Every structure is written in structure tokens, then in C-alpha cells.
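Peer 1: First the structure, which I've put down as C-alpha cells, then a few questions once you've had a look.
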Amino acid sequence: MTELLQFLIEYGYLVLLIWVALDQAALPIPSIPLLIGAGALAGMGQLSLPIVIVVTLLASIPINMFWFWLGRKRGARVLHLLCILSLEPDYCVRNTEDLFRRLGPFSVVIAKFVPGLQLLAPPMSGLTGMSMSQFFWLNALGTILWGGCFILLGYFTHEILEQVVREVSEAGAIAGGFI
């Protein structure tokens, strides 16, 4: 466990950058646990809180801008491609369109907090004709709120998280794997 922790301390920013970028690029790897962990390391003084937030923005915004561009250029085909992963592709597209109709541009901000919708919001924004600058700022706001919530959760609960890690490492590898 200490080797993993040392690795994350040494390469934390790079791991965070790659992990969040892959999450935003539609790979099924959740970045929320890593954001909480990065926040905890910042709370312990091992990483810089402002740099963790900036790295999260740098990992997320370019990927989302690419999805926005694809939505603008390829339209509904991009949404259908992304929805193929869901059990009900047609329902997935209709649901996203309904949300955009009801919430308007702020659905980009809210989508960050809804698994699945986080991936569909950028191409839907491009498809619906939202301006690139409006999408950029709403996406940045959503990313700051989304990333900030989980990073700050880890930052302010780092002592509890440290205790959990300590207990798991004392319990052994089998218990740690189970947990």
C-alpha cells in the first residue's frame, strides 16, 4: 500500500491528468475516486490543491471541446454512437434531447454530475447549435463544480481517508482487495 501511495504522490498530477482525460473520452473508468484521492493527498500536503484543480480542468475541457466539435460536425450520428453502449440507444438520445429542451444551456453544467449524460452533453451542445464560447464557459463552470466538489470532499476528509487506508493496510492484502 505504501508503494502505491508513494507512486501517487510522485506521479499524482500525471495520473490525474491521464485518468480524467480517459474518463472524459468515454472509457468506462470512473474518475471520482481519483479526484477524492487527489483531494485527500492535497489535504495531507502531498499535492497542491490549486494544481489538482487546474489539472482536472486541463484533462477535461479539451476532450469535451472535441466532443462538442464532433456533435456539431457529425450531429446525431455521434450521439447514436455513444448511446450504442447504453441498453436503449433511442431512449438515450430522446432523454438527452428532452433534458436539453427543459434545462437549456445549463444542462451542460448539470450533466457533469450525471453519469452517462456527462459524455452526451458536449456533442448534444454542438448538435443544438450552442456557440463554442458559450459551451466552453458552461463546460468550464461544470468541470470546476464537479471536480471541485469531489476534490474538496477528499481535501476536507483526508484524515478519515487516511484512517481507512491505515486500517485496510493493517488488515492485509486480502481484506484490502475485498474492500
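Every chain in the C-alpha cells takes a letter, A first, then B, and so on in the order presented; its residues are numbered from 1, and the ligands are numbered from 1 following the presented order.
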Could you name the residues that touch A:Val109 at 8 Å or less, counting only C-alpha atoms, but leaving out those on the same chain fewer than 5 positions away, as a list in words?

Peer 2: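 Residues meeting the cut-off are Leu138, Asn139, Leu141, Gly142 and Thr143 of chain A.
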
Peer 1: Please identify all polymer residues within 12 Å of A:Lys73, counting only C-alpha atoms, omitting same-chain residues fewer than 3 positions from it, and present them as number ranges by chain.

Peer 2: A: 66-70, 76-79, 123-129

Peer 1: Residues of stretch 57-156 of chain A that have any atom at most 7 Å from an atom of stretch 3-26 of chain A: could you tabulate them with the shortest-distance atom pair and the distance in Å to one decimal, using only C-alpha atoms, ordered by chain and increasing number, as a tab-separated table?

Peer 2:
residue	atom	partner	partner_atom	distance
A:Ala59	CA	A:Ala21	CA	4.7
A:Ser60	CA	A:Ala21	CA	5.7
A:Ile63	CA	A:Ala25	CA	6.3
A:Asn64	CA	A:Gln24	CA	7.0
A:Leu119	CA	A:Ala26	CA	6.6

Peer 1: Take the residues just selected and output them with N, CA and C atoms as a PDB file, in the first residue's frame.

Peer 2:
ATOM      1  N   ALA A  59      -7.485  18.308 -18.140  1.00  0.00           N
ATOM      2  CA  ALA A  59      -7.797  16.967 -18.623  1.00  0.00           C
ATOM      3  C   ALA A  59      -9.192  16.893 -19.225  1.00  0.00           C
ATOM      4  N   SER A  60     -10.093  17.688 -18.720  1.00  0.00           N
ATOM      5  CA  SER A  60     -11.499  17.582 -19.104  1.00  0.00           C
ATOM      6  C   SER A  60     -11.883  18.484 -20.278  1.00  0.00           C
ATOM      7  N   ILE A  63     -11.011  17.559 -24.121  1.00  0.00           N
ATOM      8  CA  ILE A  63     -11.750  16.379 -24.580  1.00  0.00           C
ATOM      9  C   ILE A  63     -13.212  16.755 -24.848  1.00  0.00           C
ATOM     10  N   ASN A  64     -13.804  17.529 -23.932  1.00  0.00           N
ATOM     11  CA  ASN A  64     -15.189  17.943 -24.116  1.00  0.00           C
ATOM     12  C   ASN A  64     -15.350  18.879 -25.314  1.00  0.00           C
ATOM     13  N   LEU A 119     -21.084  12.464 -20.791  1.00  0.00           N
ATOM     14  CA  LEU A 119     -20.491  12.197 -22.100  1.00  0.00           C
ATOM     15  C   LEU A 119     -21.364  12.712 -23.237  1.00  0.00           C
TER      16      LEU A 119
END

Peer 1: With the cut-off set at 12 Å and counting only C-alpha atoms, tabulate each residue of stretch 96-151 of chain A with an atom at most that distance from an atom of stretch 80-84 of chain A, showing the nearest atom pair and its distance in Å to one decimal, ordered by chain and increasing number, as CSV.

Peer 2:
residue,atom,partner,partner_atom,distance
A:Thr96,CA,A:Cys83,CA,10.1
A:Gly116,CA,A:Cys83,CA,8.9
A:Leu117,CA,A:Cys83,CA,10.0
A:Gln118,CA,A:Leu82,CA,11.3
A:Leu119,CA,A:Leu82,CA,7.9
A:Leu120,CA,A:Leu82,CA,7.2
A:Ala121,CA,A:Leu82,CA,10.9
A:Pro122,CA,A:Leu82,CA,11.4
A:Pro123,CA,A:Leu82,CA,9.6
A:Met124,CA,A:His80,CA,10.8

Peer 1: Could you save those same residues with N, CA and C atoms as a PDB file, in the first residue's frame?

Peer 2:
ATOM      1  N   THR A  96     -31.697  12.663 -23.639  1.00  0.00           N
ATOM      2  CA  THR A  96     -30.740  13.764 -23.688  1.00  0.00           C
ATOM      3  C   THR A  96     -31.369  14.983 -24.355  1.00  0.00           C
ATOM      4  N   GLY A 116     -23.055   9.151 -17.610  1.00  0.00           N
ATOM      5  CA  GLY A 116     -23.623   8.908 -18.932  1.00  0.00           C
ATOM      6  C   GLY A 116     -23.965  10.207 -19.632  1.00  0.00           C
ATOM      7  N   LEU A 117     -24.703  11.049 -18.955  1.00  0.00           N
ATOM      8  CA  LEU A 117     -25.080  12.332 -19.540  1.00  0.00           C
ATOM      9  C   LEU A 117     -23.858  13.233 -19.679  1.00  0.00           C
ATOM     10  N   GLN A 118     -22.898  13.047 -18.813  1.00  0.00           N
ATOM     11  CA  GLN A 118     -21.650  13.813 -18.872  1.00  0.00           C
ATOM     12  C   GLN A 118     -20.999  13.650 -20.243  1.00  0.00           C
ATOM     13  N   LEU A 119     -21.084  12.464 -20.791  1.00  0.00           N
ATOM     14  CA  LEU A 119     -20.491  12.197 -22.100  1.00  0.00           C
ATOM     15  C   LEU A 119     -21.364  12.712 -23.237  1.00  0.00           C
ATOM     16  N   LEU A 120     -22.674  12.698 -23.061  1.00  0.00           N
ATOM     17  CA  LEU A 120     -23.583  13.087 -24.138  1.00  0.00           C
ATOM     18  C   LEU A 120     -23.784  14.592 -24.264  1.00  0.00           C
ATOM     19  N   ALA A 121     -23.557  15.335 -23.185  1.00  0.00           N
ATOM     20  CA  ALA A 121     -23.817  16.778 -23.204  1.00  0.00           C
ATOM     21  C   ALA A 121     -22.953  17.538 -24.213  1.00  0.00           C
ATOM     22  N   PRO A 122     -21.655  17.272 -24.322  1.00  0.00           N
ATOM     23  CA  PRO A 122     -20.873  18.043 -25.300  1.00  0.00           C
ATOM     24  C   PRO A 122     -21.333  17.864 -26.745  1.00  0.00           C
ATOM     25  N   PRO A 123     -21.516  16.613 -27.239  1.00  0.00           N
ATOM     26  CA  PRO A 123     -21.980  16.529 -28.630  1.00  0.00           C
ATOM     27  C   PRO A 123     -23.398  17.070 -28.814  1.00  0.00           C
ATOM     28  N   MET A 124     -24.251  16.915 -27.796  1.00  0.00           N
ATOM     29  CA  MET A 124     -25.609  17.457 -27.895  1.00  0.00           C
ATOM     30  C   MET A 124     -25.561  18.980 -27.965  1.00  0.00           C
TER      31      MET A 124
END

Peer 1: Using only C-alpha atoms for the distances, tell me which of A:Gln163, A:Tyr155, A:Arg101, A:Ala171 is nearest to A:Leu49.

Peer 2: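 Going through A:Gln163, A:Tyr155, A:Arg101, A:Ala171 one by one, the smallest distance to A:Leu49 is for A:Tyr155.
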
Peer 1: Please return, as a compact mmCIF listing (two decimals) with N, CA and C atoms, in the first residue's frame, all residues of chain A that DSSP assigns to helix (DSSP H, G or I) on the basis of the backbone.

Peer 2:
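File selection.txt, as written:
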# COMPACT_ATOMS: atom_id res chain seq x y z
N THR A 2 2.00 1.21 0.74
CA THR A 2 2.86 2.39 0.79
C THR A 2 3.52 2.67 -0.56
N GLU A 3 3.79 1.60 -1.34
CA GLU A 3 4.37 1.81 -2.67
C GLU A 3 3.37 2.53 -3.57
N LEU A 4 2.11 2.13 -3.49
CA LEU A 4 1.07 2.78 -4.30
C LEU A 4 0.91 4.23 -3.89
N LEU A 5 0.90 4.48 -2.59
CA LEU A 5 0.77 5.85 -2.10
C LEU A 5 1.96 6.69 -2.55
N GLN A 6 3.16 6.14 -2.46
CA GLN A 6 4.35 6.87 -2.89
C GLN A 6 4.31 7.16 -4.39
N PHE A 7 3.81 6.19 -5.17
CA PHE A 7 3.67 6.38 -6.61
C PHE A 7 2.70 7.53 -6.90
N LEU A 8 1.56 7.54 -6.19
CA LEU A 8 0.57 8.60 -6.40
C LEU A 8 1.09 9.96 -5.97
N ILE A 9 1.90 9.99 -4.94
CA ILE A 9 2.48 11.27 -4.50
C ILE A 9 3.47 11.76 -5.56
N GLU A 10 4.27 10.85 -6.08
CA GLU A 10 5.31 11.23 -7.04
C GLU A 10 4.73 11.59 -8.41
N TYR A 11 3.75 10.80 -8.87
CA TYR A 11 3.20 11.00 -10.21
C TYR A 11 1.73 11.39 -10.20
N GLY A 12 1.25 11.93 -9.08
CA GLY A 12 -0.17 12.21 -8.90
C GLY A 12 -0.78 13.10 -9.96
N TYR A 13 -0.10 14.16 -10.33
CA TYR A 13 -0.66 15.08 -11.32
C TYR A 13 -0.79 14.40 -12.69
N LEU A 14 0.21 13.64 -13.07
CA LEU A 14 0.19 12.95 -14.36
C LEU A 14 -0.90 11.87 -14.36
N VAL A 15 -0.99 11.10 -13.28
CA VAL A 15 -2.03 10.07 -13.17
C VAL A 15 -3.41 10.72 -13.25
N LEU A 16 -3.59 11.81 -12.53
CA LEU A 16 -4.88 12.52 -12.54
C LEU A 16 -5.21 13.02 -13.95
N LEU A 17 -4.24 13.62 -14.61
CA LEU A 17 -4.45 14.13 -15.96
C LEU A 17 -4.89 13.02 -16.91
N ILE A 18 -4.17 11.93 -16.92
CA ILE A 18 -4.47 10.83 -17.84
C ILE A 18 -5.80 10.17 -17.48
N TRP A 19 -6.03 9.92 -16.19
CA TRP A 19 -7.23 9.22 -15.75
C TRP A 19 -8.50 10.03 -16.09
N VAL A 20 -8.50 11.31 -15.76
CA VAL A 20 -9.68 12.14 -16.03
C VAL A 20 -9.88 12.29 -17.54
N ALA A 21 -8.80 12.44 -18.29
CA ALA A 21 -8.92 12.56 -19.76
C ALA A 21 -9.54 11.29 -20.35
N LEU A 22 -9.10 10.13 -19.88
CA LEU A 22 -9.66 8.88 -20.38
C LEU A 22 -11.13 8.73 -20.00
N ASP A 23 -11.47 9.16 -18.80
CA ASP A 23 -12.87 9.14 -18.37
C ASP A 23 -13.72 10.04 -19.27
N GLN A 24 -13.23 11.22 -19.57
CA GLN A 24 -13.96 12.16 -20.41
C GLN A 24 -14.01 11.68 -21.87
N ILE A 32 -14.12 9.84 -10.27
CA ILE A 32 -14.49 10.42 -8.97
C ILE A 32 -13.63 9.89 -7.82
N PRO A 33 -13.38 8.56 -7.71
CA PRO A 33 -12.50 8.12 -6.62
C PRO A 33 -11.10 8.73 -6.69
N LEU A 34 -10.60 8.92 -7.90
CA LEU A 34 -9.28 9.52 -8.05
C LEU A 34 -9.30 11.00 -7.67
N LEU A 35 -10.38 11.70 -8.00
CA LEU A 35 -10.50 13.11 -7.60
C LEU A 35 -10.53 13.22 -6.08
N ILE A 36 -11.27 12.34 -5.43
CA ILE A 36 -11.32 12.34 -3.97
C ILE A 36 -9.93 12.04 -3.40
N GLY A 37 -9.26 11.06 -3.99
CA GLY A 37 -7.91 10.71 -3.53
C GLY A 37 -6.92 11.85 -3.73
N ALA A 38 -7.00 12.52 -4.86
CA ALA A 38 -6.11 13.67 -5.11
C ALA A 38 -6.40 14.78 -4.12
N GLY A 39 -7.68 14.99 -3.81
CA GLY A 39 -8.03 15.99 -2.80
C GLY A 39 -7.48 15.62 -1.43
N ALA A 40 -7.54 14.33 -1.10
CA ALA A 40 -7.00 13.86 0.19
C ALA A 40 -5.49 14.08 0.24
N LEU A 41 -4.80 13.77 -0.86
CA LEU A 41 -3.35 14.00 -0.89
C LEU A 41 -3.03 15.48 -0.77
N ALA A 42 -3.88 16.32 -1.35
CA ALA A 42 -3.68 17.77 -1.20
C ALA A 42 -3.92 18.18 0.25
N GLY A 43 -4.92 17.58 0.89
CA GLY A 43 -5.18 17.87 2.30
C GLY A 43 -4.05 17.43 3.20
N LEU A 49 -3.46 21.80 -3.91
CA LEU A 49 -4.88 21.87 -4.23
C LEU A 49 -5.16 22.66 -5.51
N PRO A 50 -4.60 23.86 -5.68
CA PRO A 50 -4.86 24.59 -6.94
C PRO A 50 -4.38 23.84 -8.18
N ILE A 51 -3.23 23.17 -8.08
CA ILE A 51 -2.72 22.43 -9.23
C ILE A 51 -3.62 21.23 -9.54
N VAL A 52 -4.14 20.56 -8.52
CA VAL A 52 -5.06 19.44 -8.74
C VAL A 52 -6.30 19.93 -9.50
N ILE A 53 -6.82 21.08 -9.13
CA ILE A 53 -8.00 21.63 -9.81
C ILE A 53 -7.66 22.01 -11.25
N VAL A 54 -6.53 22.64 -11.46
CA VAL A 54 -6.11 23.04 -12.81
C VAL A 54 -5.88 21.80 -13.69
N VAL A 55 -5.26 20.78 -13.14
CA VAL A 55 -5.02 19.55 -13.91
C VAL A 55 -6.35 18.91 -14.31
N THR A 56 -7.31 18.94 -13.41
CA THR A 56 -8.64 18.40 -13.73
C THR A 56 -9.27 19.17 -14.88
N LEU A 57 -9.15 20.49 -14.85
CA LEU A 57 -9.66 21.31 -15.95
C LEU A 57 -8.93 21.01 -17.26
N LEU A 58 -7.61 20.90 -17.20
CA LEU A 58 -6.82 20.64 -18.40
C LEU A 58 -7.10 19.26 -18.98
N ALA A 59 -7.49 18.31 -18.14
CA ALA A 59 -7.80 16.97 -18.62
C ALA A 59 -9.19 16.89 -19.23
N SER A 60 -10.09 17.69 -18.72
CA SER A 60 -11.50 17.58 -19.10
C SER A 60 -11.88 18.48 -20.28
N ILE A 61 -11.52 19.73 -20.22
CA ILE A 61 -12.03 20.71 -21.19
C ILE A 61 -11.64 20.40 -22.64
N PRO A 62 -10.38 20.08 -22.96
CA PRO A 62 -10.08 19.80 -24.37
C PRO A 62 -10.85 18.59 -24.93
N ILE A 63 -11.01 17.56 -24.12
CA ILE A 63 -11.75 16.38 -24.58
C ILE A 63 -13.21 16.76 -24.85
N ASN A 64 -13.80 17.53 -23.93
CA ASN A 64 -15.19 17.94 -24.12
C ASN A 64 -15.35 18.88 -25.31
N MET A 65 -14.36 19.72 -25.55
CA MET A 65 -14.41 20.58 -26.74
C MET A 65 -14.36 19.73 -28.01
N PHE A 66 -13.61 18.65 -28.00
CA PHE A 66 -13.55 17.75 -29.14
C PHE A 66 -14.92 17.09 -29.37
N TRP A 67 -15.56 16.61 -28.27
CA TRP A 67 -16.90 16.02 -28.39
C TRP A 67 -17.91 17.05 -28.90
N PHE A 68 -17.78 18.29 -28.44
CA PHE A 68 -18.65 19.37 -28.92
C PHE A 68 -18.49 19.54 -30.43
N TRP A 69 -17.25 19.61 -30.87
CA TRP A 69 -16.95 19.77 -32.29
C TRP A 69 -17.51 18.60 -33.10
N LEU A 70 -17.34 17.37 -32.58
CA LEU A 70 -17.89 16.20 -33.28
C LEU A 70 -19.42 16.29 -33.37
N GLY A 71 -20.05 16.73 -32.29
CA GLY A 71 -21.50 16.90 -32.31
C GLY A 71 -21.94 17.91 -33.35
N ARG A 72 -21.19 18.97 -33.49
CA ARG A 72 -21.51 20.00 -34.48
C ARG A 72 -21.30 19.48 -35.90
N LYS A 73 -20.22 18.72 -36.11
CA LYS A 73 -19.89 18.23 -37.46
C LYS A 73 -20.68 16.99 -37.86
N ARG A 74 -20.88 16.08 -36.92
CA ARG A 74 -21.50 14.79 -37.26
C ARG A 74 -22.91 14.62 -36.72
N ALA A 76 -26.35 13.87 -35.00
CA ALA A 76 -26.99 12.77 -34.27
C ALA A 76 -26.22 11.46 -34.38
N ARG A 77 -25.42 11.31 -35.42
CA ARG A 77 -24.64 10.07 -35.56
C ARG A 77 -23.68 9.88 -34.39
N VAL A 78 -23.11 10.98 -33.90
CA VAL A 78 -22.21 10.88 -32.75
C VAL A 78 -22.99 10.45 -31.51
N LEU A 79 -24.17 11.03 -31.32
CA LEU A 79 -24.99 10.64 -30.18
C LEU A 79 -25.40 9.18 -30.26
N HIS A 80 -25.79 8.74 -31.42
CA HIS A 80 -26.16 7.32 -31.58
C HIS A 80 -24.97 6.42 -31.30
N LEU A 81 -23.80 6.82 -31.76
CA LEU A 81 -22.60 6.03 -31.49
C LEU A 81 -22.37 5.91 -29.99
N LEU A 82 -22.48 7.02 -29.27
CA LEU A 82 -22.27 6.99 -27.82
C LEU A 82 -23.38 6.22 -27.11
N CYS A 83 -24.58 6.31 -27.62
CA CYS A 83 -25.70 5.63 -26.98
C CYS A 83 -25.74 4.14 -27.27
N PRO A 89 -30.57 2.63 -26.98
CA PRO A 89 -29.99 3.76 -27.70
C PRO A 89 -30.99 4.86 -28.05
N ASP A 90 -32.17 4.50 -28.54
CA ASP A 90 -33.15 5.52 -28.92
C ASP A 90 -33.62 6.30 -27.70
N TYR A 91 -33.86 5.58 -26.59
CA TYR A 91 -34.28 6.23 -25.34
C TYR A 91 -33.18 7.16 -24.86
N CYS A 92 -31.93 6.75 -25.01
CA CYS A 92 -30.78 7.55 -24.58
C CYS A 92 -30.77 8.89 -25.31
N VAL A 93 -30.92 8.87 -26.62
CA VAL A 93 -30.90 10.11 -27.40
C VAL A 93 -32.11 10.98 -27.04
N ARG A 94 -33.31 10.39 -26.98
CA ARG A 94 -34.52 11.15 -26.63
C ARG A 94 -34.39 11.79 -25.26
N ASN A 95 -33.88 11.02 -24.30
CA ASN A 95 -33.71 11.53 -22.94
C ASN A 95 -32.79 12.74 -22.91
N THR A 96 -31.70 12.66 -23.64
CA THR A 96 -30.74 13.76 -23.69
C THR A 96 -31.37 14.98 -24.36
N GLU A 97 -32.08 14.76 -25.45
CA GLU A 97 -32.74 15.88 -26.13
C GLU A 97 -33.78 16.53 -25.23
N ASP A 98 -34.54 15.73 -24.49
CA ASP A 98 -35.55 16.27 -23.57
C ASP A 98 -34.91 17.11 -22.48
N LEU A 99 -33.81 16.62 -21.94
CA LEU A 99 -33.11 17.38 -20.88
C LEU A 99 -32.64 18.72 -21.42
N PHE A 100 -32.09 18.72 -22.62
CA PHE A 100 -31.60 19.96 -23.21
C PHE A 100 -32.74 20.94 -23.48
N ARG A 101 -33.88 20.41 -23.88
CA ARG A 101 -35.04 21.28 -24.10
C ARG A 101 -35.51 21.89 -22.79
N ARG A 102 -35.55 21.10 -21.72
CA ARG A 102 -36.06 21.58 -20.44
C ARG A 102 -35.09 22.53 -19.75
N LEU A 103 -33.82 22.20 -19.73
CA LEU A 103 -32.84 22.97 -18.95
C LEU A 103 -32.06 23.99 -19.77
N GLY A 104 -32.09 23.85 -21.06
CA GLY A 104 -31.35 24.78 -21.89
C GLY A 104 -29.85 24.62 -21.73
N PRO A 105 -29.12 25.69 -21.93
CA PRO A 105 -27.66 25.63 -21.89
C PRO A 105 -27.08 25.14 -20.56
N PHE A 106 -27.79 25.38 -19.46
CA PHE A 106 -27.24 24.97 -18.16
C PHE A 106 -27.23 23.47 -17.96
N SER A 107 -27.82 22.74 -18.90
CA SER A 107 -27.74 21.28 -18.85
C SER A 107 -26.28 20.83 -18.99
N VAL A 108 -25.44 21.65 -19.62
CA VAL A 108 -24.01 21.33 -19.75
C VAL A 108 -23.38 21.28 -18.35
N VAL A 109 -23.76 22.20 -17.49
CA VAL A 109 -23.23 22.25 -16.12
C VAL A 109 -23.76 21.06 -15.31
N ILE A 110 -25.04 20.84 -15.38
CA ILE A 110 -25.68 19.77 -14.60
C ILE A 110 -25.24 18.40 -15.07
N ALA A 111 -25.00 18.24 -16.37
CA ALA A 111 -24.64 16.95 -16.95
C ALA A 111 -23.37 16.38 -16.33
N LEU A 117 -24.70 11.05 -18.95
CA LEU A 117 -25.08 12.33 -19.54
C LEU A 117 -23.86 13.23 -19.68
N GLN A 118 -22.90 13.05 -18.81
CA GLN A 118 -21.65 13.81 -18.87
C GLN A 118 -21.00 13.65 -20.24
N LEU A 119 -21.08 12.46 -20.79
CA LEU A 119 -20.49 12.20 -22.10
C LEU A 119 -21.36 12.71 -23.24
N LEU A 120 -22.67 12.70 -23.06
CA LEU A 120 -23.58 13.09 -24.14
C LEU A 120 -23.78 14.59 -24.26
N ALA A 121 -23.56 15.34 -23.19
CA ALA A 121 -23.82 16.78 -23.20
C ALA A 121 -22.95 17.54 -24.21
N PRO A 122 -21.66 17.27 -24.32
CA PRO A 122 -20.87 18.04 -25.30
C PRO A 122 -21.33 17.86 -26.75
N PRO A 123 -21.52 16.61 -27.24
CA PRO A 123 -21.98 16.53 -28.63
C PRO A 123 -23.40 17.07 -28.81
N MET A 124 -24.25 16.92 -27.80
CA MET A 124 -25.61 17.46 -27.89
C MET A 124 -25.56 18.98 -27.97
N SER A 125 -24.64 19.59 -27.25
CA SER A 125 -24.48 21.04 -27.31
C SER A 125 -24.08 21.49 -28.71
N GLY A 126 -23.17 20.75 -29.33
CA GLY A 126 -22.77 21.06 -30.69
C GLY A 126 -23.90 20.84 -31.67
N LEU A 127 -24.66 19.77 -31.45
CA LEU A 127 -25.79 19.44 -32.32
C LEU A 127 -26.89 20.50 -32.26
N MET A 132 -19.63 27.99 -29.52
CA MET A 132 -18.46 27.34 -28.92
C MET A 132 -18.02 28.07 -27.66
N SER A 133 -18.09 29.40 -27.64
CA SER A 133 -17.66 30.13 -26.45
C SER A 133 -18.63 29.89 -25.30
N GLN A 134 -19.93 29.84 -25.58
CA GLN A 134 -20.89 29.56 -24.51
C GLN A 134 -20.66 28.16 -23.95
N PHE A 135 -20.45 27.18 -24.83
CA PHE A 135 -20.17 25.83 -24.36
C PHE A 135 -18.89 25.79 -23.53
N PHE A 136 -17.85 26.48 -24.01
CA PHE A 136 -16.58 26.48 -23.29
C PHE A 136 -16.77 26.95 -21.85
N TRP A 137 -17.44 28.08 -21.66
CA TRP A 137 -17.59 28.64 -20.32
C TRP A 137 -18.52 27.81 -19.44
N LEU A 138 -19.60 27.30 -20.01
CA LEU A 138 -20.50 26.45 -19.22
C LEU A 138 -19.83 25.13 -18.86
N ASN A 139 -19.07 24.59 -19.79
CA ASN A 139 -18.33 23.36 -19.53
C ASN A 139 -17.26 23.59 -18.46
N ALA A 140 -16.57 24.72 -18.55
CA ALA A 140 -15.56 25.05 -17.53
C ALA A 140 -16.21 25.19 -16.16
N LEU A 141 -17.34 25.87 -16.09
CA LEU A 141 -18.06 26.01 -14.83
C LEU A 141 -18.48 24.64 -14.30
N GLY A 142 -19.05 23.81 -15.16
CA GLY A 142 -19.46 22.47 -14.75
C GLY A 142 -18.28 21.64 -14.26
N THR A 143 -17.16 21.75 -14.96
CA THR A 143 -15.96 20.99 -14.57
C THR A 143 -15.42 21.47 -13.23
N ILE A 144 -15.41 22.78 -13.01
CA ILE A 144 -14.95 23.31 -11.73
C ILE A 144 -15.86 22.85 -10.59
N LEU A 145 -17.16 22.92 -10.82
CA LEU A 145 -18.10 22.48 -9.77
C LEU A 145 -18.00 20.98 -9.52
N TRP A 146 -17.98 20.20 -10.60
CA TRP A 146 -17.92 18.74 -10.50
C TRP A 146 -16.60 18.30 -9.86
N GLY A 147 -15.49 18.72 -10.47
CA GLY A 147 -14.18 18.34 -9.93
C GLY A 147 -13.97 18.91 -8.54
N GLY A 148 -14.35 20.18 -8.36
CA GLY A 148 -14.16 20.84 -7.07
C GLY A 148 -14.90 20.15 -5.94
N CYS A 149 -16.12 19.71 -6.20
CA CYS A 149 -16.89 19.02 -5.15
C CYS A 149 -16.15 17.80 -4.64
N PHE A 150 -15.67 16.97 -5.55
CA PHE A 150 -15.02 15.72 -5.14
C PHE A 150 -13.61 15.95 -4.63
N ILE A 151 -12.90 16.89 -5.23
CA ILE A 151 -11.56 17.21 -4.74
C ILE A 151 -11.64 17.78 -3.33
N LEU A 152 -12.57 18.70 -3.12
CA LEU A 152 -12.72 19.30 -1.78
C LEU A 152 -13.24 18.28 -0.76
N LEU A 153 -14.07 17.35 -1.21
CA LEU A 153 -14.51 16.27 -0.32
C LEU A 153 -13.30 15.50 0.21
N GLY A 154 -12.40 15.14 -0.69
CA GLY A 154 -11.17 14.45 -0.27
C GLY A 154 -10.28 15.34 0.57
N TYR A 155 -10.21 16.61 0.21
CA TYR A 155 -9.36 17.56 0.94
C TYR A 155 -9.81 17.69 2.40
N PHE A 156 -11.11 17.85 2.60
CA PHE A 156 -11.61 18.08 3.96
C PHE A 156 -11.82 16.81 4.77
N HIS A 158 -9.59 14.16 4.51
CA HIS A 158 -8.36 13.39 4.34
C HIS A 158 -7.97 12.61 5.58
N GLU A 159 -8.26 13.12 6.76
CA GLU A 159 -7.90 12.38 7.97
C GLU A 159 -8.69 11.08 8.08
N ILE A 160 -9.96 11.12 7.73
CA ILE A 160 -10.79 9.91 7.74
C ILE A 160 -10.29 8.93 6.68
N LEU A 161 -9.99 9.45 5.51
CA LEU A 161 -9.50 8.60 4.43
C LEU A 161 -8.15 7.98 4.78
N GLU A 162 -7.29 8.75 5.45
CA GLU A 162 -6.00 8.21 5.92
C GLU A 162 -6.22 7.05 6.87
N GLN A 163 -7.19 7.21 7.78
CA GLN A 163 -7.51 6.15 8.75
C GLN A 163 -8.01 4.90 8.04
N VAL A 164 -8.85 5.07 7.03
CA VAL A 164 -9.35 3.93 6.28
C VAL A 164 -8.20 3.20 5.59
N VAL A 165 -7.31 3.96 4.95
CA VAL A 165 -6.16 3.35 4.29
C VAL A 165 -5.29 2.61 5.30
N ARG A 166 -5.08 3.21 6.45
CA ARG A 166 -4.29 2.57 7.50
C ARG A 166 -4.93 1.26 7.94
N GLU A 167 -6.24 1.27 8.17
CA GLU A 167 -6.96 0.07 8.61
C GLU A 167 -6.91 -1.03 7.55
N VAL A 168 -7.08 -0.63 6.29
CA VAL A 168 -7.04 -1.61 5.21
C VAL A 168 -5.66 -2.22 5.10
N SER A 169 -4.62 -1.41 5.20
CA SER A 169 -3.26 -1.95 5.08
C SER A 169 -2.93 -2.84 6.26
N GLU A 170 -3.47 -2.56 7.43
CA GLU A 170 -3.26 -3.43 8.59
C GLU A 170 -4.02 -4.74 8.44
N ALA A 171 -5.16 -4.70 7.78
CA ALA A 171 -5.99 -5.89 7.62
C ALA A 171 -5.37 -6.86 6.62
N ALA A 173 -3.66 -7.72 2.53
CA ALA A 173 -3.98 -7.60 1.11
C ALA A 173 -5.34 -8.21 0.76
N ILE A 174 -5.69 -9.32 1.38
CA ILE A 174 -6.96 -9.98 1.06
C ILE A 174 -8.13 -9.09 1.47
N ALA A 175 -8.06 -8.56 2.69
CA ALA A 175 -9.14 -7.67 3.15
C ALA A 175 -9.17 -6.41 2.31
N GLY A 176 -8.01 -5.89 1.95
CA GLY A 176 -7.95 -4.69 1.11
C GLY A 176 -8.57 -4.93 -0.25
N GLY A 177 -8.27 -6.08 -0.83
CA GLY A 177 -8.87 -6.44 -2.12
C GLY A 177 -10.37 -6.60 -2.02
N PHE A 178 -10.84 -7.18 -0.93
CA PHE A 178 -12.27 -7.36 -0.73
C PHE A 178 -12.97 -6.01 -0.60
